[in-house]
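A.B. asks: I'd like to ask you about the structure that follows.
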Amino acid sequence: MNSVPLVLPFTLASSTLEPEGHPDTPLCSHVLVNEASSIANVTCITHWSKTGPTPSPGQQNVSFDALEGVALGCEDGTLYLLHQNHRDSPLPVTIEKPLSSGSPSPPPARRAGRSRSRPRTPTSSLSPLSLSSRARAVSGISDEPVQAPKNYVDFDEEPEKLKEMLKGGSRDTAPPDRFTLSFDRGPVERQPLLSKGLSSPTGSVRWSEAKSLLSATHSPALSIASLPSLASHSGLPSPSHPPYHLSLGCHIFPPRSGVGNAVVELHSFANGRYLASLQSQGDLSIFAVKDGSCILSSQIGSHVGVPPPGAKEVPSHEAAWTWRRLFIHETAESSILLACASLDEGLASQSSPDNGEGNGRRPSRVALFELRNDAERGDDERLLDKSAEWLVDGPSVGLGLCADGDDSLNFFYVDLSNHLILQRVVLVPTVIQSEPDFPEDSSSNGALASLNPFKTGHGHSQEHLAPSEDRKGSGRILLEDLVDVGELKLDHVLRGVQVRSAKERIRGAVWSDSDLYGFEYDSRRLLIHRLEIACEGLKNITWFGLDTYCAVYSDRVDILRQRLVDSNNDRVVDKRSPGFPHAHVIATTPIHAAQALRLLSPTAVLSTAISSGRRRKVVLHTTVTSAENRKEWTSTNLWKSNKKETKPAGVNKRITCMLPLELTQFILGYSDGTLTRSSFAGLVRTNVEPSPEDSSDIPLNAYMVCLHLTQNDRTGERLIVGGADDGSVAIWSLETLKMLARWTLFISPLERVLHLRHDKGGPLRGCLLCISGDGTIAVIALDEYHFLYMVPGAPAPLSKIFTSGDNLLLSYRDDRARLWDVKTLEFWRSMNAEKAEELLGKGGWTELSVSSPIHLPPAGHAPMTLPTVSPDAASTILVDLEPFLARAISISKSTAGDENKARVRTAGTLRALIQTLLTPGLNTDIDSICKDKLGLFPSPVSVGQHRNGSSSVIISEGPQGSWSVSGEASASRALALIACLRVLTYFEEVAEHVNMIITFYATSLSHTVGKAYAPPSLPFLAKWWFDVTGELRLAARTLFDAGVAGLTDEETVSLVERWQHSLPFLLSESERRSSVAAKALLLCGFVAAGQHELLSTSALNIISKSVMVYLHESDASRKALAIDLCSRGFDVWQHYIDAMEMLRCLFSLAASVKKESISAQNVGPQARQAVLHIVSHNTALFMTTLSLDILHPQSLEHRKSVMQLVAFLIRKKPLVIHPNLPKLVEAVVKSLDPNSTSNRDAVLDAATEILGHVVKTFPTVDFHMASQRLAVGTSEGAIVMYDLKTATRLYVLESHKKAPAACSFSPDGRRLVTVSLDEGLVLVWKVGTSFTSFFYPGAPPRQGHGGSEPYKSLSFNVGDEAVMNLAETLENVRFEWAAERSVQLKIRGVTLTFST
């Protein structure tokens, strides 16, 4: 069932040793992510708070405490999450009223020294004279000097601000000895800070300076925050603790990122739990804000969805779409996401429709998604399915969603003639199906659906679906008739429109580059009025209340209020009087050099920029009313990236790309253009210098950006093809790392390398296609390392390459294709996608994919496929633990030769993984065991999250922080750690120490970490409960059991209430097979089995019936779950279902010997273990069911299965069977009725096996072969005689007053001896056939004297030897016949001989 591997991103320490041999401080994840944020180009910003993502209308201020987090979307498609800093710390620095001519925005960080020109003829040289001795360091790293901070004044901003102050004639009137001006640190107070005994309530001290004599404005005021001294550490570096409101949490890499995948829209929703990200190429992803894990994702452009009835269908060959906008509307049951795209003017094909002039006049593509509020319970493989998709005759800047007061939803757009169109959006409810009858009609396809009327699923009614069956999408979206509001008179190209519903009317604003109009529509008429405000640079309009809105510009935000004025521009007080709408600016918030900004309220703006010190910062700009009733604004740094101390060039180098061949061999590319060979274990040990033979000989002139592995088919030599930032390409030998060839080829760096093997490519066979970032292709003959020629790129990104004979067909993202002739070295044909498909349809073409999504090869690891301009991505690898652990267990059994070397290497890798997963510092005893007993030391490697193809590099502060991120992060880390520890015991005799560590991490973290602890997510572990790999499954079950046991009563009830609506019994037959249903039963079933008294009767009833549903499932993993729950909670389930029916299902499964081909789990052994558990606790019901099924089976096959189960129980649980032994034996005997020949023949073998086990196991039962007689002792002291030939009871011998301990036939079958230890008595019975048996059938033979007394009574006394329990009786009491009439009774070590 589980198909999602356990993948973890490991961010390695990036720096190396200094030349002198002194260990350099490793560049860990928090340093790398901070640096990456400072060189990123942010395209959008959003936030989330305790009151939701946006403030309510009229809200004037944003509380620091309410702001819980900020997200930054970047041009490379990645995201940064910042979370509220919950530590007690001083408030951030505030700089009030900066001058309007603030410092200019610093230029974006560029790769240092990168060449942007390409020579006419590619150069190739191996001469060391043409290369620099040391290559440049990674670009974008600040080279400013850093001093130990005395406080958290924004030092790197102060020089520019001071220059502006001096430029404007402003001077400080404070005493001259109070401050000294320092251009490297800003104003610093000479006097000491507050004493320890005196402190401000906020933890900071604030001085308000006097007004300038030469300026009407206030001079900047300083807030100096106290700061603990920063002691240097010789151990691992830990994140700094600046007194900012926010701290950097993680860096997210979506499934597709890099050049051309910019984040264009970013929204938080669901009360700040989720983050929706839209990328320019149509990747829509939903992330959890806690750890950045990807909940759901969809590539919108990968297929065309179903349009609503009456809407225009999106052409299947219009691929030149750029996605630009995202809208979210939340309801109680779900969230509606609307994404829209426009045709890319630069990439649109010639066949693209152009219904007007300019990009603003092209049609738009609209896709609508519905996300249930319980989306996080879905499959990891589940995509965000489209509900509808259609084409709109209007620009993307002129459409959106508008909610009415009655929670209805309107879709609006401005069409190509500038008319505003409204359409109500209707989500067709899913038909709620009736509850199935169970178990009589267990195959019913009906289901009681969730109370959510918009619930989607495979098993829902299809009556509302669109008729097109070859398209994806549910088709549950209807658009009502168009409402033409009227024409919005614009003289220039539309740039934006905002619409909102207010008191049964529609209000809005529409603008172009020169005009801004307000409008109002009340279902009868459209009123339009021009607003006299600046339109140049206007980005957006946001409404707050009925008459207040904000105009967002690139450099400021204006707060405007709309009112009615007369012809003299005086305000109209009487609303019944005629007037003209007029908007006036009541406040302005300047925003300087912001890369992105977000309006939080009319008086609060969130922005991000790069400081003059080249550090990323997030700033909150707020407007307040002064005592003089004037609007003033302040800027507060909510967060700023850490400064990193830089060193002179050549002192150290860092990893800029990696090529992991396996976990024991990595090829690393460095910032100085060199390569080294290492391993995962070597990278964990940061103080190990690579040997010369593991380093390349000649460096490139720039830092390495990518590495690829290939092989020379003729020589078999394995080669490395790599590219540097300056566009150069080189080839190295993998074995020696010796450079074999080098060229400078491209303007953009190398991205992909394709090797045309002998069976591909025709004339190009054996050649390499080296593809740069701009789509240019360099063809290199690998055999002689000879550059052949270049294939020029195109404006659109290259998506696919096809080869056939002398032709290369290059397909681009704009649905254009070009045909390259290998012989003439020119393009001889250009075509659209339809023509290209027609050409490919003729056959003979081989496809070469150039896309590089994040994936996991069979080796179990892969580098993060992201351009290496991001320092943390360059040092991060993805490791799939499942195949590695399986291979490690296999290698652990090897002993000699090369296999032994592999064993040593694997053990070293395993220990390195454990070192990265451990969190030293939580418990001194555990730390001592790890260090002294296991030799495991702290590691600077950090562990992130990977889900749905998306990875996040997580920054955690200290050992407690690693377990405080999220339940999913804790679960994945603990699961990996425990599984690796268990596998370590295969290599070393450390089981005792390993078990102590496992126990600590499974049960004690909640007490050690404290309130911030995020316990492992039970739904996450539930997925791994079904894993087929032994160690991962056992680790998941260990954590799952500990997690369930640690739930409080409130958490237990909440968990069941959350999941019970997804239980299999309530779902249709198809939905029952989903992983959500299996998780629901696992979670609810485990809780109910242990704490059923907390749950309602209805919940227990549904859970019990769901267990029965899965007992009848064909899937082995679901059967295994049901069997496990039967074993755990049979005492609970039996009150709500037919208990005998459940037992019969278990009987059938227990007797099954069929090997399940779809799973490594064989349910037979599991079912037998469940039966053993049930029979121990429910013996009476079990034996009754067993006997009835033997005597009155549902089928002969069922009776045979039950009898096989009886034989199993006799072997495994004889003491449980013993009290019911006579009843069981009688049922077996009656199954051999000779009157039913077919039945007897069918069960004869099984019955014979059972009776054989009974006689062998229980001394109170004996069988005589010749006479076919069976004697069975009962607890009442009687001996029952059966005739197996007739399958009847012959007679009963009664003389013992206590239960017999043993019985035995004489060799000739004419005597039967019995013994009772409690009585100290041996009885001898005549049981042979006599003359009277013909006249009195069923009567016992005459014993030689009158009455029913036995033939002989023999007393004995062996003292304490006869005192024993039932189990000892089965082992220590036996009859052995020495002769026909002589028998020995053995009681432990005592032997008594009797004559019969």
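Chains: A, B, ... in order of the structure tokens. Residues: from 1 per chain. Ligands: from 1, in order shown.
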So which residues touch Leu531 in chain A within 7 Å, counting only C-alpha atoms, skipping near sequence neighbours fewer than 4 positions away, as a ChimeraX atom specification?
C.D. replies: /A:516-518,582-583
A.B. asks: Find the residues around Ser972 in chain A up to 8 Å (only C-alpha atoms counted), leave out those fewer than 2 positions away in its own chain, and share them as a list in words.
C.D. replies: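 The contact residues come out as Leu6, Leu8, Gln945, Glu968, Ala969, Ser970, Ala974, Leu975, Ala976 and Pro1016 of chain A.
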A.B. asks: Keeping only N, CA and C atoms, take the residues you just selected and write them out as a CSV table (one decimal), in the first residue's frame.
C.D. replies:
```csv
chain,number,residue,atom,x,y,z
A,6,LEU,N,10.6,7.1,2.3
A,6,LEU,CA,11.0,8.0,3.3
A,6,LEU,C,12.2,8.7,2.9
A,8,LEU,N,14.6,12.1,3.1
A,8,LEU,CA,15.0,13.2,3.9
A,8,LEU,C,16.1,14.1,3.2
A,945,GLN,N,12.7,18.4,5.4
A,945,GLN,CA,11.5,17.7,5.1
A,945,GLN,C,11.3,17.5,3.6
A,968,GLU,N,5.0,16.3,11.6
A,968,GLU,CA,5.5,15.5,10.5
A,968,GLU,C,7.0,15.5,10.5
A,969,ALA,N,7.7,16.7,10.9
A,969,ALA,CA,9.1,16.7,11.0
A,969,ALA,C,9.6,15.8,12.1
A,970,SER,N,9.0,15.9,13.2
A,970,SER,CA,9.4,15.0,14.3
A,970,SER,C,9.2,13.5,14.0
A,974,ALA,N,12.3,10.9,13.8
A,974,ALA,CA,12.3,9.8,14.7
A,974,ALA,C,12.2,8.5,14.0
A,975,LEU,N,11.4,8.4,13.0
A,975,LEU,CA,11.3,7.2,12.2
A,975,LEU,C,12.6,6.8,11.6
A,976,ALA,N,13.3,7.8,11.0
A,976,ALA,CA,14.6,7.5,10.3
A,976,ALA,C,15.6,7.1,11.4
A,1016,PRO,N,5.4,13.3,17.3
A,1016,PRO,CA,5.3,12.7,15.9
A,1016,PRO,C,3.8,12.6,15.5
```
A.B. asks: Fewer than 6 positions away in the same chain doesn't count, so skip those; otherwise give me all residues within 6 Å of range 561-564 of chain A, counting only C-alpha atoms, as a list in words.
C.D. replies: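 Listed by chain and then number, they are Asp547, Thr548, Arg571, Val572, Gly579, Phe580, Pro581, His582, Ala583 and His584 of chain A.
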A.B. asks: Just C-alpha atoms for this one: save the residues we selected as a short mmCIF file (atom, residue, chain, number, x, y, z; two decimals), in the first residue's frame.
C.D. replies:
```
data_model
loop_
_atom_site.label_atom_id
_atom_site.label_comp_id
_atom_site.auth_asym_id
_atom_site.auth_seq_id
_atom_site.Cartn_x
_atom_site.Cartn_y
_atom_site.Cartn_z
CA ASP A 547 -15.38 54.27 1.65
CA THR A 548 -11.74 53.65 2.54
CA ARG A 571 -18.31 67.83 1.14
CA VAL A 572 -22.00 66.95 0.73
CA GLY A 579 -22.82 65.20 -5.51
CA PHE A 580 -19.74 63.77 -7.15
CA PRO A 581 -17.54 61.02 -5.68
CA HIS A 582 -14.16 62.37 -4.73
CA ALA A 583 -11.15 60.53 -3.30
CA HIS A 584 -8.56 62.31 -1.22
#
```
A.B. asks: Near His1198 in chain A, counting only C-alpha atoms, which residues have an atom at most 12 Å away, once you skip same-chain residues fewer than 4 positions from it, shown as a PyMOL selection string?
C.D. replies: chain A and resi 1144-1152+1186+1188-1194+1202-1205+1239+1242-1243+1246
A.B. asks: Limited to N, CA and C atoms, could you put the picked residues into a file as a PDB file, in the first residue's frame?
C.D. replies:
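Once written, selection_23.pdb looks like this:
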```
ATOM      1  N   ARG A1144     -15.106 -16.341  12.096  1.00  0.00           N
ATOM      2  CA  ARG A1144     -15.060 -17.206  10.903  1.00  0.00           C
ATOM      3  C   ARG A1144     -14.152 -16.608   9.837  1.00  0.00           C
ATOM      4  N   CYS A1145     -14.181 -15.278   9.689  1.00  0.00           N
ATOM      5  CA  CYS A1145     -13.264 -14.636   8.741  1.00  0.00           C
ATOM      6  C   CYS A1145     -11.819 -14.886   9.147  1.00  0.00           C
ATOM      7  N   LEU A1146     -11.555 -14.775  10.440  1.00  0.00           N
ATOM      8  CA  LEU A1146     -10.201 -15.022  10.920  1.00  0.00           C
ATOM      9  C   LEU A1146      -9.813 -16.479  10.735  1.00  0.00           C
ATOM     10  N   PHE A1147     -10.781 -17.408  10.940  1.00  0.00           N
ATOM     11  CA  PHE A1147     -10.489 -18.832  10.725  1.00  0.00           C
ATOM     12  C   PHE A1147     -10.023 -19.066   9.293  1.00  0.00           C
ATOM     13  N   SER A1148     -10.754 -18.459   8.337  1.00  0.00           N
ATOM     14  CA  SER A1148     -10.417 -18.672   6.933  1.00  0.00           C
ATOM     15  C   SER A1148      -9.046 -18.090   6.604  1.00  0.00           C
ATOM     16  N   LEU A1149      -8.776 -16.892   7.112  1.00  0.00           N
ATOM     17  CA  LEU A1149      -7.489 -16.256   6.836  1.00  0.00           C
ATOM     18  C   LEU A1149      -6.346 -16.990   7.521  1.00  0.00           C
ATOM     19  N   ALA A1150      -6.616 -17.512   8.728  1.00  0.00           N
ATOM     20  CA  ALA A1150      -5.564 -18.210   9.466  1.00  0.00           C
ATOM     21  C   ALA A1150      -5.166 -19.497   8.770  1.00  0.00           C
ATOM     22  N   ALA A1151      -6.102 -20.132   8.100  1.00  0.00           N
ATOM     23  CA  ALA A1151      -5.811 -21.394   7.426  1.00  0.00           C
ATOM     24  C   ALA A1151      -5.292 -21.187   6.008  1.00  0.00           C
ATOM     25  N   SER A1152      -5.263 -19.910   5.566  1.00  0.00           N
ATOM     26  CA  SER A1152      -4.832 -19.629   4.204  1.00  0.00           C
ATOM     27  C   SER A1152      -3.323 -19.766   4.098  1.00  0.00           C
ATOM     28  N   LEU A1186     -16.030 -22.524  17.000  1.00  0.00           N
ATOM     29  CA  LEU A1186     -15.213 -23.563  16.381  1.00  0.00           C
ATOM     30  C   LEU A1186     -16.000 -24.863  16.228  1.00  0.00           C
ATOM     31  N   LEU A1188     -19.300 -25.273  16.209  1.00  0.00           N
ATOM     32  CA  LEU A1188     -20.400 -25.111  15.261  1.00  0.00           C
ATOM     33  C   LEU A1188     -19.903 -25.148  13.821  1.00  0.00           C
ATOM     34  N   ASP A1189     -18.740 -24.551  13.587  1.00  0.00           N
ATOM     35  CA  ASP A1189     -18.218 -24.526  12.220  1.00  0.00           C
ATOM     36  C   ASP A1189     -17.725 -25.892  11.782  1.00  0.00           C
ATOM     37  N   ILE A1190     -17.338 -26.720  12.735  1.00  0.00           N
ATOM     38  CA  ILE A1190     -16.945 -28.086  12.367  1.00  0.00           C
ATOM     39  C   ILE A1190     -18.172 -28.921  12.059  1.00  0.00           C
ATOM     40  N   LEU A1191     -19.217 -28.755  12.887  1.00  0.00           N
ATOM     41  CA  LEU A1191     -20.419 -29.570  12.713  1.00  0.00           C
ATOM     42  C   LEU A1191     -21.328 -29.037  11.615  1.00  0.00           C
ATOM     43  N   HIS A1192     -21.414 -27.716  11.492  1.00  0.00           N
ATOM     44  CA  HIS A1192     -22.319 -27.104  10.508  1.00  0.00           C
ATOM     45  C   HIS A1192     -21.564 -26.051   9.714  1.00  0.00           C
ATOM     46  N   PRO A1193     -20.660 -26.483   8.889  1.00  0.00           N
ATOM     47  CA  PRO A1193     -19.829 -25.521   8.157  1.00  0.00           C
ATOM     48  C   PRO A1193     -20.607 -24.858   7.030  1.00  0.00           C
ATOM     49  N   GLN A1194     -20.106 -23.667   6.628  1.00  0.00           N
ATOM     50  CA  GLN A1194     -20.675 -22.981   5.477  1.00  0.00           C
ATOM     51  C   GLN A1194     -20.360 -23.721   4.189  1.00  0.00           C
ATOM     52  N   VAL A1202     -11.191 -24.720   9.108  1.00  0.00           N
ATOM     53  CA  VAL A1202     -11.361 -24.655  10.554  1.00  0.00           C
ATOM     54  C   VAL A1202     -10.609 -25.795  11.234  1.00  0.00           C
ATOM     55  N   MET A1203     -10.653 -26.948  10.636  1.00  0.00           N
ATOM     56  CA  MET A1203      -9.971 -28.082  11.253  1.00  0.00           C
ATOM     57  C   MET A1203      -8.452 -27.907  11.188  1.00  0.00           C
ATOM     58  N   GLN A1204      -7.975 -27.285  10.137  1.00  0.00           N
ATOM     59  CA  GLN A1204      -6.545 -26.961  10.095  1.00  0.00           C
ATOM     60  C   GLN A1204      -6.191 -25.967  11.195  1.00  0.00           C
ATOM     61  N   LEU A1205      -7.102 -25.048  11.460  1.00  0.00           N
ATOM     62  CA  LEU A1205      -6.872 -24.085  12.530  1.00  0.00           C
ATOM     63  C   LEU A1205      -6.846 -24.776  13.892  1.00  0.00           C
ATOM     64  N   ASN A1239     -18.354 -35.720   2.310  1.00  0.00           N
ATOM     65  CA  ASN A1239     -17.877 -34.881   3.418  1.00  0.00           C
ATOM     66  C   ASN A1239     -16.747 -35.565   4.175  1.00  0.00           C
ATOM     67  N   ALA A1242     -13.538 -35.459   2.316  1.00  0.00           N
ATOM     68  CA  ALA A1242     -12.966 -34.115   2.233  1.00  0.00           C
ATOM     69  C   ALA A1242     -12.209 -33.734   3.492  1.00  0.00           C
ATOM     70  N   VAL A1243     -12.711 -34.208   4.642  1.00  0.00           N
ATOM     71  CA  VAL A1243     -12.106 -33.778   5.911  1.00  0.00           C
ATOM     72  C   VAL A1243     -11.281 -34.869   6.554  1.00  0.00           C
ATOM     73  N   ALA A1246      -7.691 -33.852   7.344  1.00  0.00           N
ATOM     74  CA  ALA A1246      -7.624 -32.825   8.383  1.00  0.00           C
ATOM     75  C   ALA A1246      -8.003 -33.404   9.737  1.00  0.00           C
TER      76      ALA A1246
END
```
A.B. asks: Quick one: residues within 6 Å of range 1087-1097 of chain A, only C-alpha atoms counted, chain neighbours fewer than 2 positions away excluded, as a PyMOL selection string?
C.D. replies: chain A and resi 1084-1085+1099-1100+1128-1129
A.B. asks: Would you save the residues of that selection, restricted to all heavy atoms, as a compact mmCIF listing (two decimals), in the first residue's frame?
C.D. replies:
```
# COMPACT_ATOMS: atom_id res chain seq x y z
N CYS A 1084 -8.45 5.45 14.26
CA CYS A 1084 -9.64 5.28 15.12
C CYS A 1084 -9.66 3.90 15.77
O CYS A 1084 -10.05 3.76 16.93
CB CYS A 1084 -10.91 5.48 14.30
SG CYS A 1084 -11.09 7.15 13.63
N GLY A 1085 -9.23 2.88 15.03
CA GLY A 1085 -9.25 1.53 15.58
C GLY A 1085 -8.29 1.35 16.73
O GLY A 1085 -8.62 0.75 17.76
N ALA A 1099 -19.65 5.95 17.23
CA ALA A 1099 -18.29 5.86 16.71
C ALA A 1099 -17.77 4.44 16.80
O ALA A 1099 -17.16 3.92 15.85
CB ALA A 1099 -17.37 6.83 17.46
N LEU A 1100 -17.98 3.78 17.93
CA LEU A 1100 -17.53 2.40 18.09
C LEU A 1100 -18.23 1.48 17.11
O LEU A 1100 -17.63 0.52 16.59
CB LEU A 1100 -17.77 1.94 19.52
CG LEU A 1100 -16.93 2.64 20.59
CD1 LEU A 1100 -17.38 2.21 21.98
CD2 LEU A 1100 -15.45 2.32 20.41
N ARG A 1128 -6.38 -6.72 18.76
CA ARG A 1128 -6.30 -5.71 19.80
C ARG A 1128 -7.64 -5.44 20.47
O ARG A 1128 -7.69 -5.18 21.69
CB ARG A 1128 -5.76 -4.40 19.22
CG ARG A 1128 -4.31 -4.46 18.80
CD ARG A 1128 -3.91 -3.17 18.09
NE ARG A 1128 -2.52 -3.20 17.67
CZ ARG A 1128 -1.50 -2.74 18.39
NH1 ARG A 1128 -1.73 -2.22 19.58
NH2 ARG A 1128 -0.27 -2.80 17.93
N GLY A 1129 -8.72 -5.45 19.71
CA GLY A 1129 -9.98 -4.96 20.26
C GLY A 1129 -11.17 -5.85 20.05
O GLY A 1129 -12.29 -5.35 19.97
```
A.B. asks: DSSP says helix (DSSP H, G or I) for which residues of range 785-907 of chain A? Put them as number ranges by chain?
C.D. replies: A: 833-840, 871-874, 881-891, 897-907
A.B. asks: Pick from A:Leu740, A:Ala311, A:Ile914, A:Cys44: nearest to Ser277 in chain A, with only C-alpha atoms counted?
C.D. replies: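 Of the candidates, the smallest distance to Ser277 in chain A is held by A:Cys44.
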A.B. asks: DSSP on the backbone: what in range 579-813 of chain A comes out strand (DSSP E), as number ranges by chain?
C.D. replies: A: 580-590, 596-601, 604-610, 616-625, 631-640, 655-662, 665-670, 675-678, 704-711, 718-724, 728-733, 739-744, 750-755, 767-772, 777-781, 786-791, 798-804, 807-812
A.B. asks: Have a look at A:Phe411, A:Ser695, A:Asp1131, A:Ser962 and name the one nearest to His1177 in chain A; count only C-alpha atoms.
C.D. replies: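 Going through A:Phe411, A:Ser695, A:Asp1131, A:Ser962 one by one, the smallest distance to His1177 in chain A is for A:Asp1131.
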A.B. asks: Please indicate the distance in Å from CA of Ala1301 in chain A to CA of Leu1366 in chain A, rounded to one decimal place.
C.D. replies: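 Atom-to-atom, CA of Ala1301 in chain A to CA of Leu1366 in chain A, that is 8.7 Å.
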A.B. asks: Using only C-alpha atoms, which residue out of A:Phe1086, A:Tyr789, A:Tyr244, A:Phe1375 lies closest to Val1132 in chain A?
C.D. replies: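 Smallest distance to Val1132 in chain A is found for A:Phe1086.
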A.B. asks: Which of these, A:Gly669, A:Gly908, A:Gly258, A:Pro395, has the shortest distance to Ser14 in chain A once you count only C-alpha atoms?
C.D. replies: A:Gly669
A.B. asks: Go ahead and compute the interatomic distance for CA of Gly722 in chain A and CA of Ala13 in chain A, in Å to one decimal.
C.D. replies: 21.7 Å
A.B. asks: If we count only C-alpha atoms and set the cut-off at 6 Å, which residues sit around Ala551 in chain A, ignoring sequence neighbours fewer than 3 positions away in its own chain? Please answer as a PyMOL selection string.
C.D. replies: chain A and resi 541+557-558
A.B. asks: Once you have the residues from the selection above, write them out as a PDB file, in the first residue's frame, restricted to all heavy atoms.
C.D. replies:
```
ATOM      1  N   ILE A 541      -5.315  48.093  -5.871  1.00  0.00           N
ATOM      2  CA  ILE A 541      -6.259  48.810  -5.008  1.00  0.00           C
ATOM      3  C   ILE A 541      -6.850  47.799  -4.033  1.00  0.00           C
ATOM      4  O   ILE A 541      -7.288  46.725  -4.443  1.00  0.00           O
ATOM      5  CB  ILE A 541      -7.391  49.463  -5.828  1.00  0.00           C
ATOM      6  CG1 ILE A 541      -6.843  50.538  -6.756  1.00  0.00           C
ATOM      7  CG2 ILE A 541      -8.459  50.027  -4.905  1.00  0.00           C
ATOM      8  CD1 ILE A 541      -6.416  51.796  -6.058  1.00  0.00           C
ATOM      9  N   VAL A 557       2.372  53.628  -0.281  1.00  0.00           N
ATOM     10  CA  VAL A 557       0.981  53.216  -0.168  1.00  0.00           C
ATOM     11  C   VAL A 557       0.183  54.420   0.289  1.00  0.00           C
ATOM     12  O   VAL A 557       0.483  55.015   1.338  1.00  0.00           O
ATOM     13  CB  VAL A 557       0.807  52.053   0.831  1.00  0.00           C
ATOM     14  CG1 VAL A 557      -0.664  51.743   1.032  1.00  0.00           C
ATOM     15  CG2 VAL A 557       1.543  50.821   0.343  1.00  0.00           C
ATOM     16  N   ASP A 558      -0.820  54.797  -0.489  1.00  0.00           N
ATOM     17  CA  ASP A 558      -1.687  55.917  -0.146  1.00  0.00           C
ATOM     18  C   ASP A 558      -3.000  55.399   0.431  1.00  0.00           C
ATOM     19  O   ASP A 558      -3.617  54.495  -0.147  1.00  0.00           O
ATOM     20  CB  ASP A 558      -1.990  56.777  -1.382  1.00  0.00           C
ATOM     21  CG  ASP A 558      -0.771  57.543  -1.859  1.00  0.00           C
ATOM     22  OD1 ASP A 558       0.174  57.691  -1.060  1.00  0.00           O
ATOM     23  OD2 ASP A 558      -0.775  57.984  -3.032  1.00  0.00           O
TER      24      ASP A 558
END
```
A.B. asks: Show me, as a PDB file with N, CA and C atoms, in the first residue's frame, the residues that have an atom within 6 Å of range 296-302 of chain A when counting only C-alpha atoms, minus same-chain residues fewer than 4 positions from it.
C.D. replies:
```pdb
ATOM      1  N   GLY A 282       2.775  27.563 -14.019  1.00  0.00           N
ATOM      2  CA  GLY A 282       1.545  26.846 -13.703  1.00  0.00           C
ATOM      3  C   GLY A 282       1.634  25.844 -12.585  1.00  0.00           C
ATOM      4  N   ASP A 283       2.653  25.904 -11.757  1.00  0.00           N
ATOM      5  CA  ASP A 283       2.739  25.003 -10.610  1.00  0.00           C
ATOM      6  C   ASP A 283       1.997  25.632  -9.432  1.00  0.00           C
ATOM      7  N   LEU A 284       0.929  24.984  -9.016  1.00  0.00           N
ATOM      8  CA  LEU A 284       0.152  25.436  -7.866  1.00  0.00           C
ATOM      9  C   LEU A 284       0.407  24.466  -6.729  1.00  0.00           C
ATOM     10  N   SER A 285       0.941  24.969  -5.624  1.00  0.00           N
ATOM     11  CA  SER A 285       1.326  24.118  -4.497  1.00  0.00           C
ATOM     12  C   SER A 285       0.720  24.658  -3.216  1.00  0.00           C
ATOM     13  N   ILE A 286       0.365  23.730  -2.336  1.00  0.00           N
ATOM     14  CA  ILE A 286      -0.146  24.060  -1.012  1.00  0.00           C
ATOM     15  C   ILE A 286       0.874  23.574   0.006  1.00  0.00           C
ATOM     16  N   LEU A 383      -2.859  14.825  -6.334  1.00  0.00           N
ATOM     17  CA  LEU A 383      -2.684  16.138  -6.911  1.00  0.00           C
ATOM     18  C   LEU A 383      -3.876  17.007  -6.564  1.00  0.00           C
ATOM     19  N   LEU A 384      -3.687  18.296  -6.720  1.00  0.00           N
ATOM     20  CA  LEU A 384      -4.756  19.255  -6.515  1.00  0.00           C
ATOM     21  C   LEU A 384      -5.591  19.283  -7.788  1.00  0.00           C
TER      22      LEU A 384
END
```
